[in-house]
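A.B. asks: Just one file: run24.tsv, with TSV, C-alpha atoms.
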chain	number	residue	atom	x	y	z
A	1	GLN	CA	0.00	0.00	0.00
A	2	PRO	CA	1.79	3.20	-1.20
A	3	ILE	CA	0.09	5.52	1.33
A	4	LEU	CA	0.98	3.20	4.22
A	5	SER	CA	4.58	3.02	3.08
A	6	MET	CA	4.77	6.81	2.67
A	7	ALA	CA	3.34	7.39	6.15
A	8	ALA	CA	5.71	4.87	7.73
A	9	LYS	CA	8.74	6.42	6.00
A	10	HIS	CA	7.78	9.99	6.89
A	11	PHE	CA	10.19	10.53	9.82
A	12	PHE	CA	13.05	8.66	8.16
A	13	GLU	CA	12.94	10.55	4.84
A	14	LYS	CA	12.56	13.97	6.46
A	15	ARG	CA	15.67	13.19	8.54
A	16	HIS	CA	14.15	14.78	11.62
A	17	GLY	CA	15.22	13.62	15.06
A	18	LYS	CA	18.53	12.95	16.75
A	19	ARG	CA	19.12	9.30	15.74
A	20	PHE	CA	20.00	8.94	19.40
A	21	ARG	CA	19.19	5.24	19.82
A	22	PRO	CA	21.01	3.89	16.72
A	23	THR	CA	24.05	5.94	17.75
A	24	ILE	CA	24.03	4.32	21.20
A	25	VAL	CA	23.74	0.82	19.69
A	26	GLN	CA	26.65	1.43	17.30
A	27	LEU	CA	28.90	2.81	20.04
A	28	VAL	CA	28.01	0.02	22.48
A	29	ALA	CA	28.73	-2.51	19.71
A	30	LYS	CA	32.24	-1.08	19.31
A	31	ALA	CA	32.76	-0.84	23.06
A	32	VAL	CA	31.85	-4.49	23.75
A	33	ALA	CA	34.17	-5.62	20.93
A	34	ALA	CA	37.04	-4.51	23.17
A	35	ALA	CA	35.90	-6.86	25.95
A	36	VAL	CA	36.70	-10.59	25.96
A	37	PRO	CA	33.52	-12.65	26.60
A	38	GLU	CA	33.81	-14.42	29.95
A	39	GLY	CA	32.57	-17.83	28.83
A	40	ARG	CA	34.64	-17.81	25.67
A	41	TYR	CA	37.82	-16.87	27.48
A	42	GLN	CA	37.40	-19.66	30.00
A	43	ALA	CA	36.58	-22.18	27.28
A	44	ALA	CA	39.66	-21.22	25.31
A	45	ASP	CA	41.83	-21.39	28.44
A	46	GLU	CA	40.54	-24.87	29.34
A	47	THR	CA	41.18	-26.11	25.81
A	48	THR	CA	44.80	-24.97	25.81
A	49	THR	CA	45.68	-26.12	29.32
A	50	SER	CA	43.97	-29.49	29.41
A	51	THR	CA	44.11	-31.79	26.40
A	52	THR	CA	44.10	-35.15	28.21
A	53	GLU	CA	40.97	-34.81	30.30
A	54	PRO	CA	37.64	-35.74	28.71
A	55	ALA	CA	35.43	-32.86	27.52
A	56	GLU	CA	32.70	-31.67	29.85
A	57	SER	CA	29.38	-33.38	29.19
A	58	SER	CA	26.69	-31.31	27.53
A	59	SER	CA	24.32	-31.81	30.47
A	60	SER	CA	26.59	-29.87	32.81
A	61	ALA	CA	27.20	-27.00	30.40
A	62	VAL	CA	25.27	-23.74	30.34
A	63	GLY	CA	21.58	-24.31	29.72
A	64	GLY	CA	22.00	-28.07	29.81
A	65	ALA	CA	23.08	-28.09	26.15
A	66	SER	CA	26.40	-27.60	24.44
A	67	GLY	CA	26.53	-24.36	26.34
A	68	TRP	CA	27.39	-21.25	24.38
A	69	GLU	CA	24.42	-21.08	22.04
A	70	TRP	CA	22.07	-21.45	25.02
A	71	SER	CA	23.65	-18.67	27.04
A	72	GLY	CA	21.93	-15.98	24.99
A	73	ALA	CA	25.12	-15.07	23.16
A	74	SER	CA	25.16	-15.22	19.36
A	75	ASP	CA	27.41	-17.68	17.57
A	76	ILE	CA	30.45	-15.77	16.38
A	77	GLU	CA	31.26	-16.66	12.78
A	78	ILE	CA	34.71	-15.10	12.82
A	79	GLU	CA	38.05	-16.90	12.64
A	80	GLY	CA	38.97	-17.78	16.21
A	81	GLY	CA	35.36	-17.30	17.32
A	82	LEU	CA	36.19	-14.04	19.09
A	83	VAL	CA	35.21	-10.47	18.23
A	84	THR	CA	38.01	-7.92	18.59
A	85	PRO	CA	38.28	-4.24	17.64
A	86	ALA	CA	40.47	-5.31	14.72
A	87	ASN	CA	37.99	-7.75	13.12
A	88	HIS	CA	34.69	-6.20	14.25
A	89	GLN	CA	33.91	-3.61	11.59
A	90	GLY	CA	32.48	-5.14	8.44
A	91	SER	CA	31.93	-8.53	10.09
A	92	GLU	CA	28.62	-10.39	10.31
A	93	VAL	CA	28.49	-9.46	14.02
A	94	TRP	CA	28.85	-5.79	13.12
A	95	ARG	CA	26.12	-6.10	10.46
A	96	ARG	CA	23.67	-7.67	12.93
A	97	GLN	CA	24.37	-5.05	15.57
A	98	ALA	CA	23.85	-2.29	12.99
A	99	GLN	CA	20.56	-3.93	12.03
A	100	LEU	CA	19.55	-3.93	15.68
A	101	GLY	CA	20.11	-0.16	15.70
A	102	GLN	CA	17.71	0.15	12.76
A	103	ILE	CA	15.16	-2.06	14.52
A	104	VAL	CA	15.33	0.03	17.67
A	105	GLU	CA	14.73	3.24	15.70
A	106	MET	CA	11.79	1.63	13.88
A	107	ILE	CA	10.22	0.61	17.19
A	108	HIS	CA	10.83	4.09	18.59
A	109	VAL	CA	9.30	5.86	15.58
A	110	ALA	CA	6.29	3.51	15.64
A	111	SER	CA	5.73	4.43	19.29
A	112	LEU	CA	5.93	8.16	18.42
A	113	ILE	CA	3.35	7.78	15.65
A	114	HIS	CA	0.97	5.95	18.00
A	115	ASP	CA	1.64	8.42	20.85
A	116	ASP	CA	0.78	11.38	18.62
A	117	VAL	CA	-2.58	9.81	17.80
A	118	LEU	CA	-3.35	9.22	21.48
A	119	ASP	CA	-2.11	12.68	22.52
A	120	GLU	CA	-3.70	14.46	19.51
A	121	SER	CA	-0.36	16.17	18.88
A	122	ASP	CA	-0.12	18.14	15.63
A	123	THR	CA	3.68	18.37	15.42
A	124	ARG	CA	6.63	16.05	15.89
A	125	ARG	CA	10.36	16.56	15.26
A	126	GLY	CA	9.80	20.00	13.75
A	127	GLY	CA	7.18	18.87	11.24
A	128	GLU	CA	3.59	17.75	11.06
A	129	SER	CA	2.71	14.50	12.79
A	130	VAL	CA	1.69	11.52	10.63
A	131	HIS	CA	-1.96	11.52	11.70
A	132	LYS	CA	-2.17	15.24	10.86
A	133	LEU	CA	-0.75	14.63	7.38
A	134	TYR	CA	-2.92	11.59	6.65
A	135	SER	CA	-5.49	10.40	9.20
A	136	ASN	CA	-5.68	8.61	12.55
A	137	LYS	CA	-6.38	5.29	10.84
A	138	VAL	CA	-3.42	5.60	8.48
A	139	ALA	CA	-1.15	6.68	11.36
A	140	VAL	CA	-2.14	3.69	13.52
A	141	LEU	CA	-1.62	1.31	10.59
A	142	ALA	CA	1.72	2.95	9.72
A	143	GLY	CA	2.92	2.41	13.29
A	144	ASP	CA	1.72	-1.20	13.17
A	145	TYR	CA	3.49	-1.68	9.83
A	146	LEU	CA	6.79	-0.41	11.27
A	147	LEU	CA	6.46	-2.77	14.24
A	148	ALA	CA	5.74	-5.69	11.89
A	149	ARG	CA	8.79	-4.88	9.75
A	150	ALA	CA	10.92	-4.50	12.89
A	151	SER	CA	9.75	-7.94	14.07
A	152	VAL	CA	10.76	-9.55	10.78
A	153	LEU	CA	14.22	-7.96	10.94
A	154	LEU	CA	14.52	-8.97	14.60
A	155	ALA	CA	13.88	-12.63	13.71
A	156	ARG	CA	16.63	-12.42	11.06
A	157	LEU	CA	19.18	-11.70	13.79
A	158	GLU	CA	18.84	-15.42	14.63
A	159	ASN	CA	19.11	-14.95	18.39
A	160	THR	CA	16.05	-16.02	20.36
A	161	ALA	CA	17.29	-14.33	23.54
A	162	VAL	CA	17.53	-11.00	21.71
A	163	VAL	CA	14.04	-11.50	20.27
A	164	GLN	CA	12.70	-12.14	23.77
A	165	ILE	CA	14.53	-9.12	25.23
A	166	MET	CA	13.28	-6.75	22.52
A	167	ALA	CA	9.74	-8.16	22.80
A	168	THR	CA	9.91	-7.25	26.49
A	169	ALA	CA	10.92	-3.72	25.46
A	170	LEU	CA	7.79	-3.50	23.31
A	171	GLU	CA	5.70	-4.69	26.23
A	172	SER	CA	7.26	-1.99	28.42
A	173	LEU	CA	6.43	0.75	25.89
A	174	VAL	CA	2.77	-0.27	25.96
A	175	SER	CA	2.79	-0.51	29.77
A	176	GLY	CA	4.18	3.02	29.94
A	177	GLU	CA	1.44	4.41	27.71
A	178	VAL	CA	-1.27	2.65	29.71
A	179	MET	CA	0.29	3.91	32.95
A	180	GLN	CA	0.28	7.46	31.56
A	181	LEU	CA	-3.40	7.23	30.62
A	182	LYS	CA	-4.67	5.42	33.71
A	183	SER	CA	-2.57	6.71	36.63
A	184	SER	CA	-4.52	7.32	39.83
A	185	PRO	CA	-4.59	10.90	41.19
A	186	GLU	CA	-2.44	9.86	44.17
A	187	SER	CA	0.25	8.29	41.95
A	188	MET	CA	0.51	11.54	39.99
A	189	LEU	CA	2.18	13.02	43.08
A	190	GLN	CA	4.78	10.27	43.49
A	191	MET	CA	8.31	10.59	42.13
A	192	ASN	CA	8.62	6.79	42.01
A	193	SER	CA	5.60	6.57	39.70
A	194	TYR	CA	7.08	9.26	37.46
A	195	LEU	CA	10.41	7.42	37.25
A	196	LYS	CA	8.67	4.08	36.62
A	197	LYS	CA	6.69	5.57	33.75
A	198	SER	CA	9.89	7.18	32.40
A	199	TYR	CA	11.57	3.78	32.50
A	200	TYR	CA	8.73	2.11	30.63
A	201	LYS	CA	8.36	4.80	27.97
A	202	THR	CA	12.00	5.76	27.38
A	203	ALA	CA	14.71	3.89	29.30
A	204	SER	CA	13.42	0.34	28.70
A	205	LEU	CA	14.01	0.39	24.94
A	206	ILE	CA	17.51	1.84	25.40
A	207	CYS	CA	18.64	-0.54	28.16
A	208	TYR	CA	17.27	-3.65	26.42
A	209	ALA	CA	18.90	-2.57	23.16
A	210	CYS	CA	22.24	-2.17	24.95
A	211	ARG	CA	22.06	-5.66	26.49
A	212	SER	CA	20.98	-7.15	23.14
A	213	THR	CA	23.96	-5.49	21.44
A	214	ALA	CA	26.29	-7.22	23.91
A	215	LEU	CA	24.62	-10.60	23.24
A	216	LEU	CA	25.01	-10.15	19.48
A	217	GLY	CA	28.69	-9.44	20.17
A	218	GLY	CA	29.13	-12.87	21.78
A	219	HIS	CA	28.65	-11.98	25.46
A	220	GLU	CA	26.45	-14.16	27.67
A	221	TYR	CA	23.19	-12.82	29.06
A	222	GLY	CA	24.40	-12.79	32.66
A	223	SER	CA	27.93	-11.62	31.88
A	224	ALA	CA	29.45	-8.57	33.52
A	225	VAL	CA	29.66	-6.87	30.11
A	226	ALA	CA	25.98	-7.41	29.21
A	227	THR	CA	24.88	-6.30	32.68
A	228	ALA	CA	27.03	-3.16	32.53
A	229	CYS	CA	25.54	-2.32	29.12
A	230	GLU	CA	21.99	-2.69	30.40
A	231	GLU	CA	22.72	-0.57	33.49
A	232	PHE	CA	24.26	2.09	31.27
A	233	GLY	CA	21.16	2.14	29.05
A	234	PHE	CA	18.82	2.22	32.04
A	235	HIS	CA	20.41	5.27	33.64
A	236	LEU	CA	21.12	7.04	30.34
A	237	GLY	CA	17.46	6.60	29.35
A	238	LEU	CA	16.23	8.08	32.63
A	239	ALA	CA	18.68	10.99	32.37
A	240	PHE	CA	17.50	11.61	28.80
A	241	GLN	CA	13.81	11.66	29.81
A	242	ILE	CA	14.35	13.88	32.85
A	243	GLN	CA	16.28	16.37	30.68
A	244	ASP	CA	13.44	16.24	28.12
A	245	ASP	CA	10.99	17.10	30.89
A	246	ILE	CA	13.16	20.01	32.04
A	247	LEU	CA	13.35	21.32	28.46
A	248	ASP	CA	9.56	21.18	28.24
A	249	PHE	CA	9.59	24.18	30.58
A	250	THR	CA	12.79	25.94	29.53
A	251	ALA	CA	13.18	25.53	25.74
A	252	ALA	CA	11.25	27.31	23.01
A	253	GLU	CA	8.88	25.37	20.77
A	254	ASN	CA	10.90	26.12	17.61
A	255	VAL	CA	13.99	24.62	19.28
A	256	LEU	CA	12.25	21.54	20.68
A	257	GLY	CA	10.53	20.65	17.39
A	258	LYS	CA	7.33	19.92	19.34
A	259	PRO	CA	4.96	22.05	21.42
A	260	ALA	CA	6.42	23.44	24.62
A	261	LEU	CA	4.53	22.63	27.86
A	262	ALA	CA	3.20	19.54	26.08
A	263	ASP	CA	3.35	17.48	29.28
A	264	MET	CA	1.09	19.86	31.18
A	265	ASP	CA	-1.32	19.97	28.24
A	266	LEU	CA	-1.56	16.18	28.60
A	267	GLY	CA	-2.09	16.51	32.35
A	268	LEU	CA	1.26	14.95	33.22
A	269	SER	CA	3.37	15.74	36.27
A	270	THR	CA	7.12	15.56	35.65
A	271	ALA	CA	10.20	16.06	37.82
A	272	PRO	CA	10.26	19.90	37.90
A	273	ILE	CA	6.57	20.16	38.88
A	274	LEU	CA	6.85	17.33	41.42
A	275	TYR	CA	9.80	19.03	43.11
A	276	ALA	CA	7.90	22.34	43.11
A	277	SER	CA	4.91	20.64	44.75
A	278	ALA	CA	7.14	19.73	47.71
A	279	GLU	CA	7.57	23.47	48.33
A	280	PHE	CA	4.08	24.64	47.40
A	281	LYS	CA	1.31	22.37	48.64
A	282	GLU	CA	-1.19	24.32	46.51
A	283	LEU	CA	0.22	22.52	43.47
A	284	LYS	CA	-0.86	19.07	44.63
A	285	PRO	CA	-4.60	19.33	43.90
A	286	MET	CA	-3.78	20.75	40.44
A	287	ILE	CA	-1.50	17.79	39.73
A	288	MET	CA	-4.10	15.29	40.97
A	289	ARG	CA	-6.77	16.72	38.66
A	290	ARG	CA	-4.25	16.83	35.76
A	291	PHE	CA	-4.39	20.64	35.44
A	292	LYS	CA	-7.96	20.43	34.08
A	293	ASN	CA	-9.43	23.50	35.79
A	294	LYS	CA	-9.23	26.90	34.19
A	295	GLY	CA	-6.03	28.67	35.22
A	296	ASP	CA	-4.36	25.50	36.58
A	297	LYS	CA	-1.52	25.46	34.07
A	298	GLN	CA	-0.70	29.14	34.48
A	299	ALA	CA	-0.79	28.86	38.27
A	300	ALA	CA	1.41	25.75	38.21
A	301	LEU	CA	3.96	27.56	36.04
A	302	GLU	CA	4.01	30.50	38.42
A	303	TYR	CA	4.68	28.19	41.37
A	304	LEU	CA	7.41	26.41	39.42
A	305	TYR	CA	9.22	29.63	38.50
A	306	LYS	CA	8.76	30.93	42.05
A	307	SER	CA	10.44	27.82	43.45
A	308	GLU	CA	14.06	28.21	44.51
A	309	HIS	CA	14.92	24.51	44.23
A	310	ALA	CA	12.60	22.67	41.80
A	311	MET	CA	14.61	23.13	38.58
A	312	ASP	CA	17.94	22.60	40.35
A	313	ASN	CA	16.63	19.40	41.94
A	314	ALA	CA	15.38	18.12	38.58
A	315	LYS	CA	18.74	18.88	36.99
A	316	GLY	CA	20.44	17.15	39.92
A	317	LEU	CA	18.30	14.05	39.33
A	318	ALA	CA	19.33	14.01	35.67
A	319	ARG	CA	23.00	14.39	36.68
A	320	PHE	CA	22.65	11.55	39.20
A	321	HIS	CA	21.43	9.11	36.54
A	322	ALA	CA	24.00	10.36	34.04
A	323	GLN	CA	26.77	9.66	36.55
A	324	ARG	CA	25.37	6.19	37.22
A	325	ALA	CA	25.41	5.56	33.46
A	326	VAL	CA	29.05	6.63	33.29
A	327	ASP	CA	29.92	4.42	36.28
A	328	ALA	CA	28.34	1.43	34.50
A	329	ILE	CA	30.07	1.93	31.15
A	330	LEU	CA	33.43	2.44	32.90
A	331	ARG	CA	33.27	-1.26	33.82
A	332	LEU	CA	34.06	-1.98	30.14
A	333	PRO	CA	37.67	-1.85	28.90
A	334	GLN	CA	38.92	1.55	27.79
A	335	SER	CA	38.26	2.24	24.11
A	336	GLU	CA	37.45	5.17	21.85
A	337	ALA	CA	33.82	3.99	21.69
A	338	ARG	CA	33.53	3.79	25.47
A	339	ASP	CA	34.88	7.33	25.80
A	340	SER	CA	32.39	8.48	23.15
A	341	LEU	CA	29.54	7.00	25.21
A	342	ILE	CA	30.75	8.99	28.22
A	343	ARG	CA	30.77	12.19	26.13
A	344	LEU	CA	27.32	11.33	24.79
A	345	THR	CA	26.03	10.96	28.35
A	346	HIS	CA	27.33	14.44	29.17
A	347	LYS	CA	25.63	15.79	26.03
A	348	VAL	CA	22.31	14.25	27.10
A	349	ILE	CA	22.08	16.43	30.22
A	350	THR	CA	23.56	19.60	28.69
A	351	ARG	CA	21.56	19.72	25.42
A	352	ASN	CA	18.95	22.39	24.72
A	353	LYS	CA	16.68	20.34	22.45
Please express what this file holds, its structure, as C-alpha cells.
C.D. replies:
Amino acid sequence: QPILSMAAKHFFEKRHGKRFRPTIVQLVAKAVAAAVPEGRYQAADETTTSTTEPAESSSSAVGGASGWEWSGASDIEIEGGLVTPANHQGSEVWRRQAQLGQIVEMIHVASLIHDDVLDESDTRRGGESVHKLYSNKVAVLAGDYLLARASVLLARLENTAVVQIMATALESLVSGEVMQLKSSPESMLQMNSYLKKSYYKTASLICYACRSTALLGGHEYGSAVATACEEFGFHLGLAFQIQDDILDFTAAENVLGKPALADMDLGLSTAPILYASAEFKELKPMIMRRFKNKGDKQAALEYLYKSEHAMDNAKGLARFHAQRAVDAILRLPQSEARDSLIRLTHKVITRNK
C-alpha cells in the first residue's frame, strides 16, 4: 500500500530527530568488541591447558546443552570465534548489531506515531505528525506496519534471547502508555511513579537494546559486560527523559521541534513540577486533577518559577542518573567507543533540544 509506506517512512525521509538510539547501539557494539567474553575466554583457556581430560558433558554446560548457544550469546562466525576491535567492523556481528540499531529506531518511531494519535499532537520533530498529514487510521496502521517490519528484521538476527529481550521492550512501551493514561490521582504526586513511567516509555528500549547489542557481540546474558551495558542504558534513558521534561519548561517550541509545555497539556506531572509541589502544597490538587481546571496550568507555572529549588533538583536528578550511566560503562575496557559513550552521556544532560 503506497500511502501506508509513505506514512511509515515519513520521519526517516525527512531526517528529523537525533538518531540517538542507533548511535548508542553502534557505540556500544564497538565498546563491547574490546571486551573478551567471559565464557569464551574460559573455554579457550581450558582447551589450551587441558588436552588429556575428557570434555565436559553437555548436560553440565550452560543451559544443559552444548553451552554457548544457550547462554543468549550469538554464535560468532569469525576466525577464532572471538570479536576484537580489529575484526569487528564489516563482520557479520557488526552487520547484525547495525541492524539492531535500525530495529530500535523503527520501534521508537512507531511508538511516536501511536503516541501522537493518542495525545492528539499536531507536530513532531519539527514537522507535522503523521496523523495530521494523513489520518488517525493511516497513522495507527503505519505504526503497526513499522512494528511488523521490525519484528521480521529482529527474527533475522537469529538470536532467540535478543528476540525475547526486545519483545519485552515492546511490552514496556505499551505498559508506559497505559500507565500514563490510567494513573490514579495519588500516583501523579509520586516521584517513584514518574520514574517508573519514564523507565517504561524511554529507558526500557535503550537498556534492552544495549544488552541485546552485547549478546550479538558474543557476550552471555548474565555476563558482567551485558549487565554493565543494560545498566548504562537504564540510567542514560532516565537521564534523557528527565532532561526532556526540564526542556519542556525551559526551551522554546521552535527549538524543541514539538509544542512546549506539552506534558502539562496532557495533564502529566514531571520532575520539575513534582519538586515544586514539595515546596508549594497548593500545586498538589492541580497535579491530581491533571491541570484540568481553568487557570491551573498558568498557576502551576508561576509556582514552578517561584520555586528556589525545583529546577535545580530536577537537573540534579538528571545528573545523578547520568553519573550512574558513566559508572556502569566504565566497567568496560577503555576504548574510543567507550569514551564516546561517556561524552554522549554528558551531552544528554547539557543539550537544549
A.B. asks: Would you please work out which residue, of A:Phe232, A:Tyr275, A:Phe20, A:Trp94, is nearest to Gln190 (chain A) when using all atoms listed in the file?
C.D. replies: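 Between A:Phe232, A:Tyr275, A:Phe20, A:Trp94, the residue approaching Gln190 (chain A) most closely is A:Tyr275.
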A.B. asks: Which residues come within 9 Å of Lys297 (chain A), counting all atoms listed in the file, excluding same-chain residues fewer than 5 positions away, as a ChimeraX atom specification?
C.D. replies: /A:264-265,286,291-292,302
A.B. asks: Go through A:Ser5, A:Phe320, A:Ala73, A:Gly217 and flag the residue nearest Gln89 (chain A), using all atoms listed in the file for the distances.
C.D. replies: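 Nearest candidate to Gln89 (chain A) out of A:Ser5, A:Phe320, A:Ala73, A:Gly217: A:Gly217.
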A.B. asks: Out of A:Ile287, A:Ile113, A:Ala98, A:Leu154, which residue has the shortest atom-to-atom distance to Val25 (chain A) when counting all atoms listed in the file?
C.D. replies: A:Ala98
A.B. asks: Just to confirm, what's the straight-line distance from CA of Gln243 (chain A) to CA of Lys201 (chain A) in Å (one decimal)?
C.D. replies: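 These atoms are spaced 14.3 Å apart.
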A.B. asks: So how many Å separate CA of Ala325 (chain A) and CA of Thr345 (chain A), to one decimal?
C.D. replies: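 We find that CA of Ala325 (chain A) and CA of Thr345 (chain A) lie 7.5 Å from each other.
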A.B. asks: Could you pull the residues within 9 Å of Ser212 (chain A), counting only C-alpha atoms, minus those fewer than 3 positions along the same chain, as a VMD selection string?
C.D. replies: chain A and resid 73 97 100 161 to 163 165 to 166 207 to 209 215 to 217 221 226 229 to 230
A.B. asks: For Met179 (chain A), work out the shell of residues within 12 Å, counting all atoms listed in the file and skipping chain neighbours fewer than 2 positions away, then give it as a ChimeraX atom specification.
C.D. replies: /A:172-177,181-185,187-188,193-201,268
A.B. asks: In terms of the shortest atom-to-atom distance over all atoms listed in the file, which of A:Met288, A:Ile3, A:Val28, A:Leu146 is closest to Ala337 (chain A)?
C.D. replies: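 Among A:Met288, A:Ile3, A:Val28, A:Leu146, it is A:Val28 that comes nearest to Ala337 (chain A).
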A.B. asks: Would you please work out which residue, of A:Val152, A:Ala224, A:Leu332, A:Ala322, is nearest to Ile103 (chain A) when using all atoms listed in the file?
C.D. replies: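 So, comparing all the options, the nearest one is A:Val152.
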A.B. asks: Of the residues A:Arg351, A:Arg211, A:Lys30, A:Arg96, which is the one nearest to Ala239 (chain A), using all atoms listed in the file?
C.D. replies: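 Nearest to Ala239 (chain A): A:Arg351.
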A.B. asks: Record the distance separating CA of Glu282 (chain A) and CA of Glu308 (chain A), expressed in Å with one decimal.
C.D. replies: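 Going from CA of Glu282 (chain A) over to CA of Glu308 (chain A), I get 15.9 Å.
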A.B. asks: Quick one: everything within 12 Å of Lys281 (chain A), counting all atoms listed in the file, minus sequence neighbours fewer than 4 positions away in the same chain. Send it as a list in words.
C.D. replies: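 The residues that qualify are Leu189, Ile273, Leu274, Tyr275, Ala276, Ser277, Pro285, Met286, Ile287, Met288, Ala300, Tyr303, Leu304 and Ser307 of chain A.
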A.B. asks: If you count only C-alpha atoms, which residues fall within 9 Å of Leu236 (chain A), apart from same-chain ones fewer than 2 positions away, as a PyMOL selection string?
C.D. replies: chain A and resi 203+206-207+231-234+238-241+318+321-326+345+348
A.B. asks: Please determine the residues with any atom at most 7 Å from (24.9, 6.8, 20.2) (coordinates as given in the file, with only C-alpha atoms counting) and report them as a count of residues only.
C.D. replies: 10
A.B. asks: Could region 74-81 of chain A be completed with all heavy atoms and returned as a PDB file, keeping the file's coordinate frame?
C.D. replies:
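To be explicit, this is the file written out as selection05.pdb:
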ATOM      1  N   SER A  74      25.190 -14.775  20.756  1.00  0.00           N
ATOM      2  CA  SER A  74      25.160 -15.220  19.360  1.00  0.00           C
ATOM      3  C   SER A  74      26.398 -16.040  19.044  1.00  0.00           C
ATOM      4  O   SER A  74      27.471 -15.829  19.620  1.00  0.00           O
ATOM      5  CB  SER A  74      25.099 -14.009  18.423  1.00  0.00           C
ATOM      6  OG  SER A  74      23.834 -13.403  18.454  1.00  0.00           O
ATOM      7  N   ASP A  75      26.241 -16.977  18.111  1.00  0.00           N
ATOM      8  CA  ASP A  75      27.410 -17.680  17.570  1.00  0.00           C
ATOM      9  C   ASP A  75      28.263 -16.672  16.809  1.00  0.00           C
ATOM     10  O   ASP A  75      27.752 -15.852  16.042  1.00  0.00           O
ATOM     11  CB  ASP A  75      26.976 -18.795  16.628  1.00  0.00           C
ATOM     12  CG  ASP A  75      26.360 -19.971  17.375  1.00  0.00           C
ATOM     13  OD1 ASP A  75      26.772 -20.207  18.523  1.00  0.00           O
ATOM     14  OD2 ASP A  75      25.465 -20.621  16.823  1.00  0.00           O
ATOM     15  N   ILE A  76      29.543 -16.723  17.022  1.00  0.00           N
ATOM     16  CA  ILE A  76      30.450 -15.770  16.380  1.00  0.00           C
ATOM     17  C   ILE A  76      31.131 -16.450  15.196  1.00  0.00           C
ATOM     18  O   ILE A  76      31.975 -17.331  15.370  1.00  0.00           O
ATOM     19  CB  ILE A  76      31.506 -15.236  17.377  1.00  0.00           C
ATOM     20  CG1 ILE A  76      30.815 -14.614  18.587  1.00  0.00           C
ATOM     21  CG2 ILE A  76      32.418 -14.231  16.687  1.00  0.00           C
ATOM     22  CD1 ILE A  76      29.862 -13.473  18.251  1.00  0.00           C
ATOM     23  N   GLU A  77      30.735 -16.054  14.005  1.00  0.00           N
ATOM     24  CA  GLU A  77      31.260 -16.660  12.780  1.00  0.00           C
ATOM     25  C   GLU A  77      32.459 -15.860  12.273  1.00  0.00           C
ATOM     26  O   GLU A  77      32.458 -15.309  11.169  1.00  0.00           O
ATOM     27  CB  GLU A  77      30.150 -16.757  11.738  1.00  0.00           C
ATOM     28  CG  GLU A  77      28.994 -17.655  12.194  1.00  0.00           C
ATOM     29  CD  GLU A  77      27.794 -17.577  11.279  1.00  0.00           C
ATOM     30  OE1 GLU A  77      27.852 -16.821  10.282  1.00  0.00           O
ATOM     31  OE2 GLU A  77      26.792 -18.263  11.558  1.00  0.00           O
ATOM     32  N   ILE A  78      33.459 -15.791  13.126  1.00  0.00           N
ATOM     33  CA  ILE A  78      34.710 -15.100  12.820  1.00  0.00           C
ATOM     34  C   ILE A  78      35.837 -16.052  13.142  1.00  0.00           C
ATOM     35  O   ILE A  78      35.733 -16.846  14.079  1.00  0.00           O
ATOM     36  CB  ILE A  78      34.842 -13.806  13.649  1.00  0.00           C
ATOM     37  CG1 ILE A  78      33.803 -12.772  13.191  1.00  0.00           C
ATOM     38  CG2 ILE A  78      36.239 -13.209  13.547  1.00  0.00           C
ATOM     39  CD1 ILE A  78      33.807 -11.492  14.015  1.00  0.00           C
ATOM     40  N   GLU A  79      36.909 -16.014  12.386  1.00  0.00           N
ATOM     41  CA  GLU A  79      38.050 -16.900  12.640  1.00  0.00           C
ATOM     42  C   GLU A  79      38.531 -16.713  14.081  1.00  0.00           C
ATOM     43  O   GLU A  79      38.773 -15.596  14.534  1.00  0.00           O
ATOM     44  CB  GLU A  79      39.201 -16.576  11.673  1.00  0.00           C
ATOM     45  CG  GLU A  79      40.347 -17.571  11.773  1.00  0.00           C
ATOM     46  CD  GLU A  79      41.430 -17.305  10.745  1.00  0.00           C
ATOM     47  OE1 GLU A  79      41.212 -16.474   9.837  1.00  0.00           O
ATOM     48  OE2 GLU A  79      42.498 -17.939  10.870  1.00  0.00           O
ATOM     49  N   GLY A  80      38.600 -17.815  14.805  1.00  0.00           N
ATOM     50  CA  GLY A  80      38.970 -17.780  16.210  1.00  0.00           C
ATOM     51  C   GLY A  80      37.769 -17.666  17.132  1.00  0.00           C
ATOM     52  O   GLY A  80      37.891 -17.846  18.337  1.00  0.00           O
ATOM     53  N   GLY A  81      36.592 -17.368  16.553  1.00  0.00           N
ATOM     54  CA  GLY A  81      35.360 -17.300  17.320  1.00  0.00           C
ATOM     55  C   GLY A  81      35.305 -16.158  18.328  1.00  0.00           C
ATOM     56  O   GLY A  81      34.533 -16.205  19.286  1.00  0.00           O
TER      57      GLY A  81
END
